[in-house]
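Data block below; observations after.
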Amino acid sequence: MKRIFFLCTLLGLSVFLYMYRQDSGVVVQPVSTTVADTFLNTKDTALSVHKTVQNTVQKTINTFIVRTEEAPEIQPRTNVTLDTVPTEAPVVSGKGPASLEVFSDPIKNLAITVNGTIAQTNYYRRKEGLPGLSSNALLTLSAQKKVDDMFARQYFEHESPVGVGSDDLAHSVGYAYVMIGENLALGEYADDSELVQGWMNSPGHRENILNPKYTEIGVAVKKGMFNGDMVWLAVQEFGRPASDCPGVSGVLNVRIEEGQLLLEKLQQKLSDMRTDIETTTPASGSVYTQKVDMYNTLVHEYNVFVQQSKKDVETYNAQVKAHNVCVGE
């Protein structure tokens with residue numbers, strides 16, 4: 001009676017071991033060095049693919065998380081003549097009712113307000129056929145922390161003197177995102193309209209306001225002493241929440257990493273068992289047969305685990321691709 005075992009590796013069909021069992025005994029044909037190298041390289045290739053994918057995710061996220069356009073500072077305005085009646089402007093979120101598509105200027109305020117700044121921002125977005133931004137409580141908190149810090153430390157930069165940027169602020173308040181941006185303004189602004197118009201006159205700030213990828217906004221405004229002058233500081237934090245895009249499973253990522261470590265241990269064990277078989281004499285009898293059977297059983301388990309690891313990597317790669325496509329939209 002003769003049984004033939006064909007045991008395959010992860011990506012190829014290289015034969016791992018031939019074993020012929022005959023009535024007269026057991027004969028194990030030595031496995032060539034070439035086959036062993038193929039087996040080892042196949043596993044390493046799977047690991048390399050996984051690591052490359054991880055780097056792609058990180059690179060993509062880094063490309064999009066921060067949109068802090070370094071535009072020229074808006075200089076303080078003085079002696080502004082007001083020609084409108086002060087009225088609180090409405091908050092506009094999302095596309096809103098059809099009547100809001102009429103492109104008349106929102107009613108101005110005699111002071112800068114959060115709601116008025118958002119209304120003015122959405123007015124310009126709708127003029128360009130874009131949906132309005134929804135106010136987000138976490139982004140609003142992030143903006144408030146920024147304006148308070150600029151007054152406290154007396155600086156006017158996207159990055160604080162201690163290196164804290166808009167992305168750090170978003171993380172600190174628990175805002176998970178795939179994209180985030182920031183606009184700053186300092187000056188003696190008369191109202192919301194003048195403030196937002198100043199941003200619109202600056203290419204970098206205008207790009208943030210009219211960026212179709214943003215869906216949410218947080219605004220903070222504050223008047224106080226800055227370098228000896230009484231001025232307004234205003235902050236816009238733009239965001240696209242992580243919930244907008246498919247996620248990449250952290251659990252699956254950990255399972256893949258742990259699986260690779262286990263495969264390395266199993267491979268070493270198989271190598272030791274194979275060396276033991278090849279040095280066993282005589283190459284027949286019950287002891288030799290038992291060693292061969294144990295080796296073949298472990299090879300089968302190893303290959304089954306490799307196939308499962310391959311499926312995990314493919315699933316992970318698909319998640320990464322879907323995430324990256326969404327981020328790049």
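Naming scheme: A, B, ... for chains in displayed order of the structure tokens; residues 1 onward per chain; ligands 1 onward as shown.
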
Contacts between range 121-140 of chain A and range 197-280 of chain A, please, where a residue of range 197-280 of chain A counts if it comes within 12 Å (with only C-alpha atoms); show its shortest atom pair and distance in Å to one decimal, rows by chain and ascending number, as CSV.
residue,atom,partner,partner_atom,distance
A:Gln197,CA,A:Thr121,CA,9.0
A:Gly198,CA,A:Thr121,CA,11.4
A:Trp199,CA,A:Thr121,CA,9.6
A:Met200,CA,A:Tyr124,CA,8.5
A:Asn201,CA,A:Tyr124,CA,11.9
A:His205,CA,A:Thr121,CA,11.2
A:Arg206,CA,A:Tyr124,CA,9.5
A:Glu207,CA,A:Arg125,CA,10.6
A:Asn208,CA,A:Thr121,CA,10.3
A:Ile209,CA,A:Thr121,CA,6.7
A:Leu210,CA,A:Arg125,CA,5.6
A:Asn211,CA,A:Arg125,CA,8.6
A:Pro212,CA,A:Leu130,CA,6.5
A:Lys213,CA,A:Leu130,CA,9.9
A:Tyr214,CA,A:Leu133,CA,7.3
A:Thr215,CA,A:Leu133,CA,5.1
A:Glu216,CA,A:Ser134,CA,4.7
A:Ile217,CA,A:Ser135,CA,5.1
A:Gly218,CA,A:Thr140,CA,3.8
A:Val219,CA,A:Thr140,CA,5.3
A:Ala220,CA,A:Thr140,CA,6.5
A:Val221,CA,A:Thr140,CA,10.3
A:Ala234,CA,A:Thr140,CA,11.6
A:Val235,CA,A:Thr140,CA,9.2
A:Gln236,CA,A:Thr140,CA,8.4
A:Glu237,CA,A:Leu139,CA,6.0
A:Phe238,CA,A:Leu139,CA,7.5
A:Gly239,CA,A:Leu139,CA,7.6
A:Arg240,CA,A:Leu133,CA,10.0
A:Pro241,CA,A:Asn136,CA,9.9

Selection near Asp149 in chain A, 10 Å with only C-alpha atoms, sequence-local residues under 6 positions removed, as a PDB file with all heavy atoms, in the first residue's frame:
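Generated file (result.pdb):
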ATOM      1  N   ALA A 143     -11.329  74.449  19.121  1.00  0.00           N
ATOM      2  CA  ALA A 143     -11.125  75.843  18.728  1.00  0.00           C
ATOM      3  C   ALA A 143     -11.025  76.748  19.949  1.00  0.00           C
ATOM      4  O   ALA A 143     -10.199  77.671  19.989  1.00  0.00           O
ATOM      5  CB  ALA A 143     -12.273  76.300  17.825  1.00  0.00           C
ATOM      6  N   TYR A 155       0.794  84.330  21.263  1.00  0.00           N
ATOM      7  CA  TYR A 155       1.363  83.947  19.969  1.00  0.00           C
ATOM      8  C   TYR A 155       0.229  83.853  18.957  1.00  0.00           C
ATOM      9  O   TYR A 155      -0.954  83.750  19.310  1.00  0.00           O
ATOM     10  CB  TYR A 155       2.094  82.606  20.056  1.00  0.00           C
ATOM     11  CG  TYR A 155       1.182  81.404  20.199  1.00  0.00           C
ATOM     12  CD1 TYR A 155       0.773  80.663  19.085  1.00  0.00           C
ATOM     13  CD2 TYR A 155       0.709  81.004  21.456  1.00  0.00           C
ATOM     14  CE1 TYR A 155      -0.073  79.566  19.208  1.00  0.00           C
ATOM     15  CE2 TYR A 155      -0.129  79.910  21.589  1.00  0.00           C
ATOM     16  CZ  TYR A 155      -0.526  79.197  20.467  1.00  0.00           C
ATOM     17  OH  TYR A 155      -1.370  78.121  20.584  1.00  0.00           O
ATOM     18  N   PHE A 156       0.595  83.910  17.681  1.00  0.00           N
ATOM     19  CA  PHE A 156      -0.398  83.804  16.610  1.00  0.00           C
ATOM     20  C   PHE A 156       0.177  82.918  15.516  1.00  0.00           C
ATOM     21  O   PHE A 156       0.697  83.379  14.509  1.00  0.00           O
ATOM     22  CB  PHE A 156      -0.738  85.201  16.066  1.00  0.00           C
ATOM     23  CG  PHE A 156      -1.811  85.192  14.997  1.00  0.00           C
ATOM     24  CD1 PHE A 156      -3.084  84.740  15.282  1.00  0.00           C
ATOM     25  CD2 PHE A 156      -1.535  85.640  13.713  1.00  0.00           C
ATOM     26  CE1 PHE A 156      -4.076  84.733  14.300  1.00  0.00           C
ATOM     27  CE2 PHE A 156      -2.509  85.635  12.732  1.00  0.00           C
ATOM     28  CZ  PHE A 156      -3.782  85.181  13.022  1.00  0.00           C
ATOM     29  N   SER A 160       1.675  75.937  18.489  1.00  0.00           N
ATOM     30  CA  SER A 160       1.975  76.692  19.705  1.00  0.00           C
ATOM     31  C   SER A 160       3.473  76.667  20.003  1.00  0.00           C
ATOM     32  O   SER A 160       4.219  75.869  19.421  1.00  0.00           O
ATOM     33  CB  SER A 160       1.213  76.088  20.886  1.00  0.00           C
ATOM     34  OG  SER A 160       1.844  74.894  21.333  1.00  0.00           O
ATOM     35  N   PRO A 161       3.931  77.526  20.909  1.00  0.00           N
ATOM     36  CA  PRO A 161       5.358  77.524  21.269  1.00  0.00           C
ATOM     37  C   PRO A 161       5.853  76.186  21.810  1.00  0.00           C
ATOM     38  O   PRO A 161       7.049  75.911  21.781  1.00  0.00           O
ATOM     39  CB  PRO A 161       5.438  78.619  22.352  1.00  0.00           C
ATOM     40  CG  PRO A 161       4.312  79.545  22.035  1.00  0.00           C
ATOM     41  CD  PRO A 161       3.214  78.647  21.542  1.00  0.00           C
TER      42      PRO A 161
END

Residues flagged strand (DSSP E or B) by DSSP in range 148-309 of chain A, as a PyMOL selection string: chain A and resi 177-187+216-226+229-241

Residues of the last selection are to be written out with N, CA and C atoms, as an mmCIF file, in the first residue's frame.
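part-v3.cif was written with the following content:
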data_model
loop_
_atom_site.group_PDB
_atom_site.id
_atom_site.type_symbol
_atom_site.label_atom_id
_atom_site.label_comp_id
_atom_site.auth_asym_id
_atom_site.auth_seq_id
_atom_site.Cartn_x
_atom_site.Cartn_y
_atom_site.Cartn_z
ATOM 1 N N TYR A 177 -10.661 61.657 13.325
ATOM 2 C CA TYR A 177 -10.830 62.259 12.012
ATOM 3 C C TYR A 177 -9.992 61.550 10.955
ATOM 4 N N VAL A 178 -10.327 61.815 9.706
ATOM 5 C CA VAL A 178 -9.477 61.429 8.589
ATOM 6 C C VAL A 178 -8.865 62.671 7.952
ATOM 7 N N MET A 179 -9.374 63.838 8.322
ATOM 8 C CA MET A 179 -8.868 65.084 7.760
ATOM 9 C C MET A 179 -9.232 66.227 8.700
ATOM 10 N N ILE A 180 -8.310 67.151 8.871
ATOM 11 C CA ILE A 180 -8.574 68.281 9.756
ATOM 12 C C ILE A 180 -7.804 69.496 9.253
ATOM 13 N N GLY A 181 -8.346 70.687 9.503
ATOM 14 C CA GLY A 181 -7.696 71.913 9.074
ATOM 15 C C GLY A 181 -8.025 73.053 10.008
ATOM 16 N N GLU A 182 -7.340 74.176 9.834
ATOM 17 C CA GLU A 182 -7.490 75.283 10.776
ATOM 18 C C GLU A 182 -7.286 76.627 10.082
ATOM 19 N N ASN A 183 -8.124 77.605 10.417
ATOM 20 C CA ASN A 183 -7.951 79.002 10.024
ATOM 21 C C ASN A 183 -7.851 79.854 11.276
ATOM 22 N N LEU A 184 -6.953 80.846 11.268
ATOM 23 C CA LEU A 184 -6.796 81.773 12.378
ATOM 24 C C LEU A 184 -6.943 83.203 11.880
ATOM 25 N N ALA A 185 -7.413 84.070 12.748
ATOM 26 C CA ALA A 185 -7.490 85.499 12.409
ATOM 27 C C ALA A 185 -7.260 86.329 13.661
ATOM 28 N N LEU A 186 -6.603 87.490 13.484
ATOM 29 C CA LEU A 186 -6.332 88.425 14.572
ATOM 30 C C LEU A 186 -6.551 89.834 14.050
ATOM 31 N N GLY A 187 -7.323 90.623 14.759
ATOM 32 C CA GLY A 187 -7.528 91.988 14.310
ATOM 33 C C GLY A 187 -8.677 92.680 14.996
ATOM 34 N N GLU A 216 -17.591 69.133 8.839
ATOM 35 C CA GLU A 216 -17.889 69.676 10.162
ATOM 36 C C GLU A 216 -16.980 70.852 10.491
ATOM 37 N N ILE A 217 -17.417 71.661 11.445
ATOM 38 C CA ILE A 217 -16.646 72.845 11.823
ATOM 39 C C ILE A 217 -16.835 73.140 13.302
ATOM 40 N N GLY A 218 -15.803 73.726 13.889
ATOM 41 C CA GLY A 218 -15.880 74.263 15.240
ATOM 42 C C GLY A 218 -15.284 75.654 15.214
ATOM 43 N N VAL A 219 -15.919 76.609 15.864
ATOM 44 C CA VAL A 219 -15.474 78.003 15.834
ATOM 45 C C VAL A 219 -15.370 78.536 17.259
ATOM 46 N N ALA A 220 -14.346 79.353 17.497
ATOM 47 C CA ALA A 220 -14.214 80.073 18.763
ATOM 48 C C ALA A 220 -13.749 81.493 18.456
ATOM 49 N N VAL A 221 -14.333 82.471 19.118
ATOM 50 C CA VAL A 221 -13.929 83.877 18.962
ATOM 51 C C VAL A 221 -13.777 84.479 20.353
ATOM 52 N N LYS A 222 -12.810 85.385 20.486
ATOM 53 C CA LYS A 222 -12.560 85.982 21.796
ATOM 54 C C LYS A 222 -11.870 87.324 21.621
ATOM 55 N N LYS A 223 -12.266 88.297 22.428
ATOM 56 C CA LYS A 223 -11.648 89.614 22.398
ATOM 57 C C LYS A 223 -10.832 89.803 23.664
ATOM 58 N N GLY A 224 -9.612 90.325 23.509
ATOM 59 C CA GLY A 224 -8.747 90.513 24.664
ATOM 60 C C GLY A 224 -7.481 91.255 24.296
ATOM 61 N N MET A 225 -6.574 91.363 25.263
ATOM 62 C CA MET A 225 -5.309 92.061 25.050
ATOM 63 C C MET A 225 -4.301 91.123 24.391
ATOM 64 N N PHE A 226 -3.743 91.594 23.289
ATOM 65 C CA PHE A 226 -2.734 90.821 22.574
ATOM 66 C C PHE A 226 -1.605 91.786 22.198
ATOM 67 N N ASP A 229 -2.587 95.447 22.573
ATOM 68 C CA ASP A 229 -3.746 95.957 21.856
ATOM 69 C C ASP A 229 -4.985 95.122 22.174
ATOM 70 N N MET A 230 -6.152 95.779 22.200
ATOM 71 C CA MET A 230 -7.409 95.072 22.379
ATOM 72 C C MET A 230 -7.887 94.592 21.004
ATOM 73 N N VAL A 231 -7.875 93.283 20.773
ATOM 74 C CA VAL A 231 -8.182 92.729 19.453
ATOM 75 C C VAL A 231 -9.046 91.483 19.576
ATOM 76 N N TRP A 232 -9.564 91.043 18.433
ATOM 77 C CA TRP A 232 -10.281 89.774 18.319
ATOM 78 C C TRP A 232 -9.298 88.692 17.855
ATOM 79 N N LEU A 233 -9.428 87.520 18.442
ATOM 80 C CA LEU A 233 -8.793 86.313 17.915
ATOM 81 C C LEU A 233 -9.905 85.349 17.541
ATOM 82 N N ALA A 234 -9.811 84.792 16.351
ATOM 83 C CA ALA A 234 -10.837 83.865 15.875
ATOM 84 C C ALA A 234 -10.184 82.598 15.347
ATOM 85 N N VAL A 235 -10.843 81.461 15.606
ATOM 86 C CA VAL A 235 -10.323 80.155 15.176
ATOM 87 C C VAL A 235 -11.434 79.367 14.501
ATOM 88 N N GLN A 236 -11.120 78.816 13.337
ATOM 89 C CA GLN A 236 -11.992 77.847 12.668
ATOM 90 C C GLN A 236 -11.263 76.508 12.639
ATOM 91 N N GLU A 237 -11.899 75.466 13.149
ATOM 92 C CA GLU A 237 -11.364 74.108 13.054
ATOM 93 C C GLU A 237 -12.280 73.313 12.123
ATOM 94 N N PHE A 238 -11.744 72.868 11.005
ATOM 95 C CA PHE A 238 -12.510 72.089 10.027
ATOM 96 C C PHE A 238 -12.200 70.610 10.217
ATOM 97 N N GLY A 239 -13.180 69.756 9.954
ATOM 98 C CA GLY A 239 -12.921 68.337 10.110
ATOM 99 C C GLY A 239 -13.773 67.454 9.229
ATOM 100 N N ARG A 240 -13.233 66.298 8.971
ATOM 101 C CA ARG A 240 -13.992 65.197 8.379
ATOM 102 C C ARG A 240 -13.836 64.028 9.322
ATOM 103 N N PRO A 241 -14.910 63.597 9.994
ATOM 104 C CA PRO A 241 -14.785 62.578 11.041
ATOM 105 C C PRO A 241 -14.390 61.218 10.499
#

For Val196 in chain A, the nearest of the candidates A:Leu298, A:Val248, A:Lys291, A:Ile112, counting only C-alpha atoms: A:Ile112

d(CA of Asn296 in chain A, CA of Gln268 in chain A) in Å: 14.5 Å

Given only C-alpha atoms as the counted atoms, nearest of A:Ser166, A:Ser309, A:Thr315, A:Gln120 to Glu258 in chain A: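 Among the listed residues, A:Ser309 lies closest to Glu258 in chain A.
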
Members of range 103-315 of chain A assigned alpha helix (DSSP H) by DSSP, as a PyMOL selection string: chain A and resi 114-127+137-153+166-173+192-200+203-209+250-278+285-315
